[in-house]
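J.: Input model_3.tsv, format and content: TSV, C-alpha atoms.
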```tsv
chain	number	residue	atom	x	y	z
I	446	ALA	CA	-52.17	-72.40	26.11
I	447	GLN	CA	-53.18	-75.73	27.53
I	448	SER	CA	-56.85	-76.54	27.54
I	449	VAL	CA	-59.15	-79.46	28.16
I	450	THR	CA	-62.60	-80.07	26.73
I	451	GLN	CA	-65.23	-82.45	28.00
I	452	LEU	CA	-67.80	-83.24	25.35
I	453	GLY	CA	-71.31	-83.30	26.77
I	454	SER	CA	-72.30	-81.61	29.99
I	455	HIS	CA	-74.73	-84.48	30.69
I	456	VAL	CA	-74.54	-88.15	29.75
I	457	SER	CA	-77.44	-90.47	30.44
I	458	VAL	CA	-77.14	-94.28	30.47
I	459	SER	CA	-79.19	-97.22	31.65
I	460	GLU	CA	-77.97	-99.38	34.52
I	461	GLY	CA	-75.74	-102.10	33.05
I	462	ALA	CA	-74.88	-100.12	29.92
I	463	LEU	CA	-71.45	-98.93	28.82
I	464	VAL	CA	-70.29	-95.62	30.23
I	465	LEU	CA	-68.22	-93.38	27.93
I	466	LEU	CA	-67.20	-89.89	29.05
I	467	ARG	CA	-65.14	-87.92	26.58
I	468	CYS	CA	-62.10	-85.72	27.27
I	469	ASN	CA	-59.87	-84.01	24.73
I	470	TYR	CA	-56.93	-81.73	25.35
I	471	SER	CA	-54.85	-79.34	23.31
I	472	SER	CA	-51.10	-79.45	23.67
I	473	SER	CA	-47.90	-79.80	21.74
I	474	VAL	CA	-46.28	-81.93	24.46
I	475	PRO	CA	-47.49	-85.13	26.12
I	476	PRO	CA	-49.56	-84.17	29.15
I	477	TYR	CA	-50.36	-85.62	32.52
I	478	LEU	CA	-54.05	-86.55	32.59
I	479	PHE	CA	-56.48	-87.07	35.44
I	480	TRP	CA	-60.09	-88.05	35.98
I	481	TYR	CA	-61.85	-87.00	39.17
I	482	VAL	CA	-65.32	-87.92	40.41
I	483	GLN	CA	-67.55	-85.77	42.60
I	484	TYR	CA	-70.50	-87.44	44.31
I	485	PRO	CA	-73.38	-85.19	45.41
I	486	ASN	CA	-72.39	-82.77	48.16
I	487	GLN	CA	-68.83	-84.03	48.30
I	488	GLY	CA	-65.40	-82.93	47.16
I	489	LEU	CA	-63.48	-84.37	44.21
I	490	GLN	CA	-61.87	-87.79	44.42
I	491	LEU	CA	-59.16	-89.05	42.07
I	492	LEU	CA	-60.42	-91.90	39.86
I	493	LEU	CA	-57.25	-92.47	37.84
I	494	LYS	CA	-54.30	-90.73	36.27
I	495	TYR	CA	-51.90	-91.10	33.37
I	496	THR	CA	-48.35	-89.85	33.82
I	497	THR	CA	-46.15	-92.18	31.78
I	498	GLY	CA	-45.91	-95.77	30.60
I	499	ALA	CA	-48.92	-97.90	29.70
I	500	THR	CA	-51.56	-95.84	27.93
I	501	LEU	CA	-54.49	-97.86	29.30
I	502	VAL	CA	-54.98	-96.85	32.90
I	503	LYS	CA	-57.21	-98.63	35.39
I	504	GLY	CA	-58.78	-96.76	38.25
I	505	ILE	CA	-61.15	-97.30	41.14
I	506	ASN	CA	-64.72	-98.59	40.91
I	507	GLY	CA	-64.12	-100.39	37.59
I	508	PHE	CA	-63.29	-97.29	35.55
I	509	GLU	CA	-60.50	-97.10	33.03
I	510	ALA	CA	-59.18	-94.57	30.52
I	511	GLU	CA	-56.89	-94.74	27.52
I	512	PHE	CA	-54.43	-92.04	26.52
I	513	LYS	CA	-54.46	-91.68	22.73
I	514	LYS	CA	-51.79	-89.25	21.66
I	515	SER	CA	-52.84	-89.21	18.00
I	516	GLU	CA	-56.38	-88.21	18.99
I	517	THR	CA	-55.34	-85.99	21.93
I	518	SER	CA	-57.94	-87.82	23.99
I	519	PHE	CA	-58.32	-89.48	27.40
I	520	HIS	CA	-61.84	-90.90	27.42
I	521	LEU	CA	-63.20	-92.55	30.55
I	522	THR	CA	-65.07	-95.84	30.27
I	523	LYS	CA	-66.79	-98.44	32.41
I	524	PRO	CA	-68.29	-101.61	30.91
I	525	SER	CA	-71.42	-101.67	33.05
I	526	ALA	CA	-72.95	-98.70	34.82
I	527	HIS	CA	-74.25	-98.91	38.39
I	528	MET	CA	-76.72	-96.57	39.99
I	529	SER	CA	-73.96	-95.56	42.40
I	530	ASP	CA	-71.90	-94.19	39.48
I	531	ALA	CA	-74.24	-91.20	39.16
I	532	ALA	CA	-71.97	-88.23	39.82
I	533	GLU	CA	-70.08	-85.35	38.23
I	534	TYR	CA	-66.86	-86.31	36.45
I	535	PHE	CA	-63.99	-83.96	35.75
I	536	CYS	CA	-61.07	-84.38	33.39
I	537	ALA	CA	-57.91	-82.44	34.22
I	538	VAL	CA	-54.58	-81.93	32.47
I	539	SER	CA	-51.17	-80.56	33.34
I	540	PHE	CA	-47.96	-80.35	31.36
I	541	PRO	CA	-44.28	-81.08	32.00
I	542	GLY	CA	-42.31	-77.91	32.51
I	543	GLY	CA	-45.43	-75.93	33.33
I	544	SER	CA	-46.77	-74.72	36.67
I	545	TYR	CA	-47.76	-78.29	37.67
I	546	ILE	CA	-51.27	-77.05	38.47
I	547	PRO	CA	-53.95	-79.00	36.62
I	548	THR	CA	-56.47	-77.29	34.35
I	549	PHE	CA	-59.95	-78.74	34.78
I	550	GLY	CA	-62.63	-79.37	32.23
I	551	ARG	CA	-66.16	-78.11	32.86
I	552	GLY	CA	-67.39	-81.48	34.02
I	553	THR	CA	-69.84	-84.11	32.79
I	554	SER	CA	-72.82	-85.14	34.86
I	555	LEU	CA	-73.47	-88.90	34.57
I	556	ILE	CA	-77.10	-89.90	35.00
I	557	VAL	CA	-77.87	-93.59	35.45
I	558	HIS	CA	-81.42	-94.83	34.82
I	559	PRO	CA	-82.77	-98.03	36.41
Z	781	ASP	CA	-55.32	-91.41	53.89
Z	782	VAL	CA	-54.91	-87.75	53.12
Z	783	LYS	CA	-57.51	-85.70	54.84
Z	784	VAL	CA	-58.51	-82.18	53.83
Z	785	THR	CA	-61.14	-80.59	56.01
Z	786	GLN	CA	-63.09	-77.39	55.55
Z	787	SER	CA	-64.55	-75.46	58.46
Z	788	SER	CA	-68.14	-75.36	57.24
Z	789	ARG	CA	-70.24	-77.38	54.80
Z	790	TYR	CA	-72.88	-74.68	54.46
Z	791	LEU	CA	-72.62	-70.97	55.15
Z	792	VAL	CA	-75.11	-68.12	54.74
Z	793	LYS	CA	-73.86	-64.55	54.90
Z	794	ARG	CA	-75.17	-61.10	54.09
Z	795	THR	CA	-73.85	-58.72	51.46
Z	796	GLY	CA	-70.95	-56.68	52.78
Z	797	GLU	CA	-69.96	-59.13	55.51
Z	798	LYS	CA	-66.38	-60.32	55.87
Z	799	VAL	CA	-66.25	-64.08	55.35
Z	800	PHE	CA	-63.53	-66.54	56.36
Z	801	LEU	CA	-63.33	-70.02	54.88
Z	802	GLU	CA	-60.82	-72.30	56.58
Z	803	CYS	CA	-59.06	-75.35	55.19
Z	804	VAL	CA	-56.78	-77.77	57.02
Z	805	GLN	CA	-54.76	-80.69	55.62
Z	806	ASP	CA	-53.00	-83.35	57.66
Z	807	MET	CA	-50.43	-84.74	55.20
Z	808	ASP	CA	-47.70	-82.08	55.32
Z	809	HIS	CA	-48.35	-81.06	51.71
Z	810	GLU	CA	-46.53	-77.96	50.57
Z	811	ASN	CA	-49.18	-76.82	48.08
Z	812	MET	CA	-52.71	-75.67	48.87
Z	813	PHE	CA	-55.43	-74.31	46.59
Z	814	TRP	CA	-58.79	-72.58	46.65
Z	815	TYR	CA	-61.28	-73.13	43.83
Z	816	ARG	CA	-64.82	-72.07	43.24
Z	817	GLN	CA	-67.21	-74.38	41.44
Z	818	ASP	CA	-70.21	-73.11	39.51
Z	819	PRO	CA	-72.59	-75.10	37.28
Z	820	GLY	CA	-71.33	-75.30	33.72
Z	821	LEU	CA	-68.05	-73.57	34.56
Z	822	GLY	CA	-66.19	-76.39	36.26
Z	823	LEU	CA	-63.48	-75.52	38.77
Z	824	ARG	CA	-61.84	-72.12	38.64
Z	825	LEU	CA	-58.67	-71.43	40.59
Z	826	ILE	CA	-58.86	-68.45	42.94
Z	827	TYR	CA	-55.51	-68.57	44.78
Z	828	PHE	CA	-52.85	-71.09	45.60
Z	829	SER	CA	-49.91	-71.32	47.94
Z	830	TYR	CA	-46.74	-73.35	47.56
Z	831	ASP	CA	-45.28	-72.56	50.98
Z	832	VAL	CA	-46.07	-70.86	54.28
Z	833	LYS	CA	-46.70	-67.12	53.82
Z	834	MET	CA	-46.47	-67.53	50.04
Z	835	LYS	CA	-49.45	-66.98	47.77
Z	836	GLU	CA	-50.11	-66.72	44.08
Z	837	LYS	CA	-53.15	-65.47	42.20
Z	838	GLY	CA	-55.11	-67.93	40.18
Z	839	ASP	CA	-57.52	-67.23	37.37
Z	840	ILE	CA	-60.18	-65.33	39.34
Z	841	PRO	CA	-58.61	-63.64	42.41
Z	842	GLU	CA	-60.72	-60.47	42.34
Z	843	GLY	CA	-62.73	-59.98	45.51
Z	844	TYR	CA	-60.74	-62.59	47.44
Z	845	SER	CA	-57.61	-62.75	49.56
Z	846	VAL	CA	-55.85	-65.63	51.30
Z	847	SER	CA	-53.68	-66.32	54.30
Z	848	ARG	CA	-51.26	-69.12	55.03
Z	849	GLU	CA	-49.58	-68.69	58.40
Z	850	LYS	CA	-49.07	-72.41	59.05
Z	851	LYS	CA	-48.28	-75.16	56.58
Z	852	GLU	CA	-51.43	-77.14	57.30
Z	853	ARG	CA	-53.90	-74.25	57.12
Z	854	PHE	CA	-55.02	-72.10	54.19
Z	855	SER	CA	-57.72	-69.50	54.62
Z	856	LEU	CA	-59.85	-67.81	51.98
Z	857	ILE	CA	-61.18	-64.35	52.85
Z	858	LEU	CA	-63.99	-62.46	51.23
Z	859	GLU	CA	-63.41	-58.90	52.43
Z	860	SER	CA	-66.91	-57.72	51.54
Z	861	ALA	CA	-69.14	-60.52	50.36
Z	862	SER	CA	-71.33	-59.94	47.31
Z	863	THR	CA	-74.16	-61.99	45.85
Z	864	ASN	CA	-72.04	-63.02	42.85
Z	865	GLN	CA	-69.75	-64.85	45.27
Z	866	THR	CA	-72.49	-67.33	46.05
Z	867	SER	CA	-70.86	-70.60	45.05
Z	868	MET	CA	-69.32	-73.89	46.14
Z	869	TYR	CA	-65.77	-73.38	47.41
Z	870	LEU	CA	-63.32	-76.26	47.26
Z	871	CYS	CA	-59.98	-76.47	48.99
Z	872	ALA	CA	-57.25	-78.84	47.84
Z	873	SER	CA	-53.74	-79.77	48.86
Z	874	SER	CA	-51.00	-81.53	46.92
Z	875	LEU	CA	-47.47	-82.71	46.75
Z	876	THR	CA	-45.42	-81.83	43.71
Z	877	ILE	CA	-44.09	-85.03	42.21
Z	878	LEU	CA	-40.65	-84.21	40.81
Z	879	THR	CA	-38.34	-86.86	39.42
Z	880	VAL	CA	-35.98	-87.04	36.47
Z	881	THR	CA	-38.89	-87.96	34.22
Z	882	LEU	CA	-42.02	-86.69	35.99
Z	883	SER	CA	-43.28	-83.33	37.24
Z	884	TYR	CA	-46.90	-82.97	38.29
Z	885	ASN	CA	-49.29	-82.30	41.17
Z	886	GLU	CA	-51.77	-84.83	42.48
Z	887	GLN	CA	-54.46	-82.94	44.33
Z	888	PHE	CA	-56.62	-84.03	47.26
Z	889	PHE	CA	-59.87	-82.16	47.84
Z	890	GLY	CA	-61.92	-81.22	50.86
Z	891	PRO	CA	-65.71	-81.73	50.96
Z	892	GLY	CA	-66.47	-78.15	49.95
Z	893	THR	CA	-68.27	-75.19	51.52
Z	894	ARG	CA	-71.50	-74.08	49.90
Z	895	LEU	CA	-71.65	-70.32	50.50
Z	896	THR	CA	-74.81	-68.31	49.98
Z	897	VAL	CA	-74.60	-64.52	50.09
Z	898	LEU	CA	-77.94	-62.79	50.55
```
Take the structure in this file and express it as structure tokens.
T.:
Amino acid sequence: AQSVTQLGSHVSVSEGALVLLRCNYSSSVPPYLFWYVQYPNQGLQLLLKYTTGATLVKGINGFEAEFKKSETSFHLTKPSAHMSDAAEYFCAVSFPGGSYIPTFGRGTSLIVHP
Amino acid sequence: DVKVTQSSRYLVKRTGEKVFLECVQDMDHENMFWYRQDPGLGLRLIYFSYDVKMKEKGDIPEGYSVSREKKERFSLILESASTNQTSMYLCASSLTILTVTLSYNEQFFGPGTRLTVL
């Protein structure tokens, strides 16, 4: 069965520091991969997605993620954190030939210190 | 821009009450979803619908039902609310992207309804 794991329920960084949020999946076929962000008291918003082609994907607000098939990973990064990046981040995965409905990770809360 | 709206941002109900949560999308998407979100558990799928009057159970359908009489509207019903249904409820809609080489859903979420059952 497909699954997705987000390592670390909370990640704390200083403003200006590198942001790294980890996502690993289990699958025998190449997946479709998504990162969503949820700001306080709001719904989820798509940050970026990988479906095919270039494995380094750029999203909104300066975030990017790289699909690494050999590591079954899709980690989210941003070179320099802003206070406004504080939010909950969700990784999601779906698979070709499946039900098309994404499976979500449990989320990682990003805390940004001044 | 796709817009998904939910009827209430906050709702307080009593145990045993019948509760209706409404969701409306304005982009003619065929698929609609209801999730609940709890701390540490992420998003769990309750029900989804891929067409008018069609519904499918998700991972945690017990205690819930749904209705989709019009394409743009998807309702979640708690027949007899219980305290363990206190949660954030998120509605989403999506198109299914189907080409020769691709097949996936890209979901768009509403702002959520925070339901408290006393």
J.: I'd like to know which of Z:Glu810, Z:Gly822, Z:Thr785, Z:Gln887 is closest to Ser454 (chain I), using only C-alpha atoms.
T.: Z:Gly822
J.: Can you tell me, as a list of chain:residue names, what residues are no more than 9 Å from Asn469 (chain I) when counting all atoms listed in the file, ignoring any on the same chain fewer than 6 positions away?
T.: I:Ser448, I:Val449, I:Thr450, I:Gln451, I:Leu452, I:Glu516, I:Thr517, I:Ser518, I:Phe519, I:His520, I:Cys536
J.: With only C-alpha atoms as the counted atoms, please give the residues lying no more than 10 Å from Val464 (chain I), apart from itself and same-chain residues fewer than 2 positions off, as a PyMOL selection string.
T.: chain I and resi 456-462+466-467+508+521-527+530+555+557
J.: Restrict the calculation to all atoms listed in the file, then for each residue of chain I with any atom at most 12 Å from an atom of chain Z give the closest atom pair and their distance in Å to one decimal, rows by chain and rising residue number, as a tab-separated table.
T.:
```
residue	atom	partner	partner_atom	distance
I:Val449	CA	Z:Gly822	CA	11.2
I:Thr450	CA	Z:Gly822	CA	10.8
I:Gln451	CA	Z:Gly822	CA	10.3
I:Gly453	CA	Z:Gly820	CA	10.6
I:Ser454	CA	Z:Gly820	CA	7.4
I:His455	CA	Z:Gly820	CA	10.2
I:Pro475	CA	Z:Leu882	CA	11.4
I:Pro476	CA	Z:Tyr884	CA	9.6
I:Tyr477	CA	Z:Tyr884	CA	7.2
I:Leu478	CA	Z:Tyr884	CA	9.8
I:Phe479	CA	Z:Glu886	CA	8.8
I:Trp480	CA	Z:Glu886	CA	11.0
I:Tyr481	CA	Z:Gln887	CA	9.9
I:Val482	CA	Z:Phe889	CA	10.9
I:Gln483	CA	Z:Pro891	CA	9.5
I:Tyr484	CA	Z:Pro891	CA	10.0
I:Pro485	CA	Z:Pro891	CA	10.1
I:Asn486	CA	Z:Pro891	CA	7.3
I:Gln487	CA	Z:Pro891	CA	4.7
I:Gly488	CA	Z:Pro891	CA	4.0
I:Leu489	CA	Z:Phe889	CA	5.6
I:Gln490	CA	Z:Phe889	CA	6.9
I:Leu491	CA	Z:Phe888	CA	7.7
I:Leu492	CA	Z:Phe888	CA	11.5
I:Leu493	CA	Z:Glu886	CA	10.5
I:Lys494	CA	Z:Glu886	CA	8.9
I:Tyr495	CA	Z:Tyr884	CA	10.7
I:Thr496	CA	Z:Leu882	CA	7.4
I:Thr497	CA	Z:Leu882	CA	8.1
I:Gly498	CA	Z:Thr881	CA	11.1
I:Glu533	CA	Z:Gly822	CA	10.0
I:Tyr534	CA	Z:Gly822	CA	9.9
I:Phe535	CA	Z:Gly822	CA	7.9
I:Cys536	CA	Z:Gly822	CA	9.9
I:Ala537	CA	Z:Leu823	CA	10.0
I:Val538	CA	Z:Tyr884	CA	9.7
I:Ser539	CA	Z:Tyr884	CA	7.0
I:Phe540	CA	Z:Tyr884	CA	7.5
I:Pro541	CA	Z:Ser883	CA	5.8
I:Gly542	CA	Z:Ser883	CA	7.3
I:Gly543	CA	Z:Ser883	CA	8.6
I:Ser544	CA	Z:Tyr884	CA	8.4
I:Tyr545	CA	Z:Tyr884	CA	4.8
I:Ile546	CA	Z:Asn885	CA	6.2
I:Pro547	CA	Z:Asn885	CA	7.3
I:Thr548	CA	Z:Leu823	CA	8.5
I:Phe549	CA	Z:Leu823	CA	6.2
I:Gly550	CA	Z:Gly822	CA	6.1
I:Arg551	CA	Z:Gly822	CA	3.8
I:Gly552	CA	Z:Gly822	CA	5.7
I:Thr553	CA	Z:Gly820	CA	9.0
I:Ser554	CA	Z:Gly820	CA	10.0
```
J.: Kindly save the residues from that selection, with C-alpha atoms included, as a PDB file, in the coordinates of the input.
T.:
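For reference, out_3.pdb as written:
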```pdb
ATOM      1  CA  VAL I 449     -59.150 -79.460  28.160  1.00  0.00           C
ATOM      2  CA  THR I 450     -62.600 -80.070  26.730  1.00  0.00           C
ATOM      3  CA  GLN I 451     -65.230 -82.450  28.000  1.00  0.00           C
ATOM      4  CA  GLY I 453     -71.310 -83.300  26.770  1.00  0.00           C
ATOM      5  CA  SER I 454     -72.300 -81.610  29.990  1.00  0.00           C
ATOM      6  CA  HIS I 455     -74.730 -84.480  30.690  1.00  0.00           C
ATOM      7  CA  PRO I 475     -47.490 -85.130  26.120  1.00  0.00           C
ATOM      8  CA  PRO I 476     -49.560 -84.170  29.150  1.00  0.00           C
ATOM      9  CA  TYR I 477     -50.360 -85.620  32.520  1.00  0.00           C
ATOM     10  CA  LEU I 478     -54.050 -86.550  32.590  1.00  0.00           C
ATOM     11  CA  PHE I 479     -56.480 -87.070  35.440  1.00  0.00           C
ATOM     12  CA  TRP I 480     -60.090 -88.050  35.980  1.00  0.00           C
ATOM     13  CA  TYR I 481     -61.850 -87.000  39.170  1.00  0.00           C
ATOM     14  CA  VAL I 482     -65.320 -87.920  40.410  1.00  0.00           C
ATOM     15  CA  GLN I 483     -67.550 -85.770  42.600  1.00  0.00           C
ATOM     16  CA  TYR I 484     -70.500 -87.440  44.310  1.00  0.00           C
ATOM     17  CA  PRO I 485     -73.380 -85.190  45.410  1.00  0.00           C
ATOM     18  CA  ASN I 486     -72.390 -82.770  48.160  1.00  0.00           C
ATOM     19  CA  GLN I 487     -68.830 -84.030  48.300  1.00  0.00           C
ATOM     20  CA  GLY I 488     -65.400 -82.930  47.160  1.00  0.00           C
ATOM     21  CA  LEU I 489     -63.480 -84.370  44.210  1.00  0.00           C
ATOM     22  CA  GLN I 490     -61.870 -87.790  44.420  1.00  0.00           C
ATOM     23  CA  LEU I 491     -59.160 -89.050  42.070  1.00  0.00           C
ATOM     24  CA  LEU I 492     -60.420 -91.900  39.860  1.00  0.00           C
ATOM     25  CA  LEU I 493     -57.250 -92.470  37.840  1.00  0.00           C
ATOM     26  CA  LYS I 494     -54.300 -90.730  36.270  1.00  0.00           C
ATOM     27  CA  TYR I 495     -51.900 -91.100  33.370  1.00  0.00           C
ATOM     28  CA  THR I 496     -48.350 -89.850  33.820  1.00  0.00           C
ATOM     29  CA  THR I 497     -46.150 -92.180  31.780  1.00  0.00           C
ATOM     30  CA  GLY I 498     -45.910 -95.770  30.600  1.00  0.00           C
ATOM     31  CA  GLU I 533     -70.080 -85.350  38.230  1.00  0.00           C
ATOM     32  CA  TYR I 534     -66.860 -86.310  36.450  1.00  0.00           C
ATOM     33  CA  PHE I 535     -63.990 -83.960  35.750  1.00  0.00           C
ATOM     34  CA  CYS I 536     -61.070 -84.380  33.390  1.00  0.00           C
ATOM     35  CA  ALA I 537     -57.910 -82.440  34.220  1.00  0.00           C
ATOM     36  CA  VAL I 538     -54.580 -81.930  32.470  1.00  0.00           C
ATOM     37  CA  SER I 539     -51.170 -80.560  33.340  1.00  0.00           C
ATOM     38  CA  PHE I 540     -47.960 -80.350  31.360  1.00  0.00           C
ATOM     39  CA  PRO I 541     -44.280 -81.080  32.000  1.00  0.00           C
ATOM     40  CA  GLY I 542     -42.310 -77.910  32.510  1.00  0.00           C
ATOM     41  CA  GLY I 543     -45.430 -75.930  33.330  1.00  0.00           C
ATOM     42  CA  SER I 544     -46.770 -74.720  36.670  1.00  0.00           C
ATOM     43  CA  TYR I 545     -47.760 -78.290  37.670  1.00  0.00           C
ATOM     44  CA  ILE I 546     -51.270 -77.050  38.470  1.00  0.00           C
ATOM     45  CA  PRO I 547     -53.950 -79.000  36.620  1.00  0.00           C
ATOM     46  CA  THR I 548     -56.470 -77.290  34.350  1.00  0.00           C
ATOM     47  CA  PHE I 549     -59.950 -78.740  34.780  1.00  0.00           C
ATOM     48  CA  GLY I 550     -62.630 -79.370  32.230  1.00  0.00           C
ATOM     49  CA  ARG I 551     -66.160 -78.110  32.860  1.00  0.00           C
ATOM     50  CA  GLY I 552     -67.390 -81.480  34.020  1.00  0.00           C
ATOM     51  CA  THR I 553     -69.840 -84.110  32.790  1.00  0.00           C
ATOM     52  CA  SER I 554     -72.820 -85.140  34.860  1.00  0.00           C
TER      53      SER I 554
END
```
J.: Quick one: distance from CA of Gln805 (chain Z) to CA of Ser873 (chain Z) in Å, one decimal?
T.: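 So the two atoms, CA of Gln805 (chain Z) and CA of Ser873 (chain Z), lie 6.9 Å apart.
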J.: May I ask for the distance between CA of Ser862 (chain Z) and CA of Val799 (chain Z), given in Å to one decimal place?
T.: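 One can read the CA of Ser862 (chain Z) to CA of Val799 (chain Z) distance as 10.4 Å.
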J.: Could you check how far CA of Lys837 (chain Z) sits from CA of Tyr815 (chain Z), in Å to one decimal?
T.: 11.3 Å
J.: With all atoms listed in the file counted, which protein, DNA or RNA residues have an atom no more than 7 Å from (-61.7, -55.7, 54.8) in the file frame? Please answer as a list in words.
T.: Lys798, Glu859 and Ser860 of chain Z
J.: Write out as AutoDock Vina command-line options an axis-aligned box for region 849-861 of chain Z: all of its atoms listed in the file, 5 Å added on each side, centre and edge lengths in Å with one decimal.
T.:
```
--center_x -58.7 --center_y -67.4 --center_z 54.7 --size_x 30.9 --size_y 29.4 --size_z 18.7
```
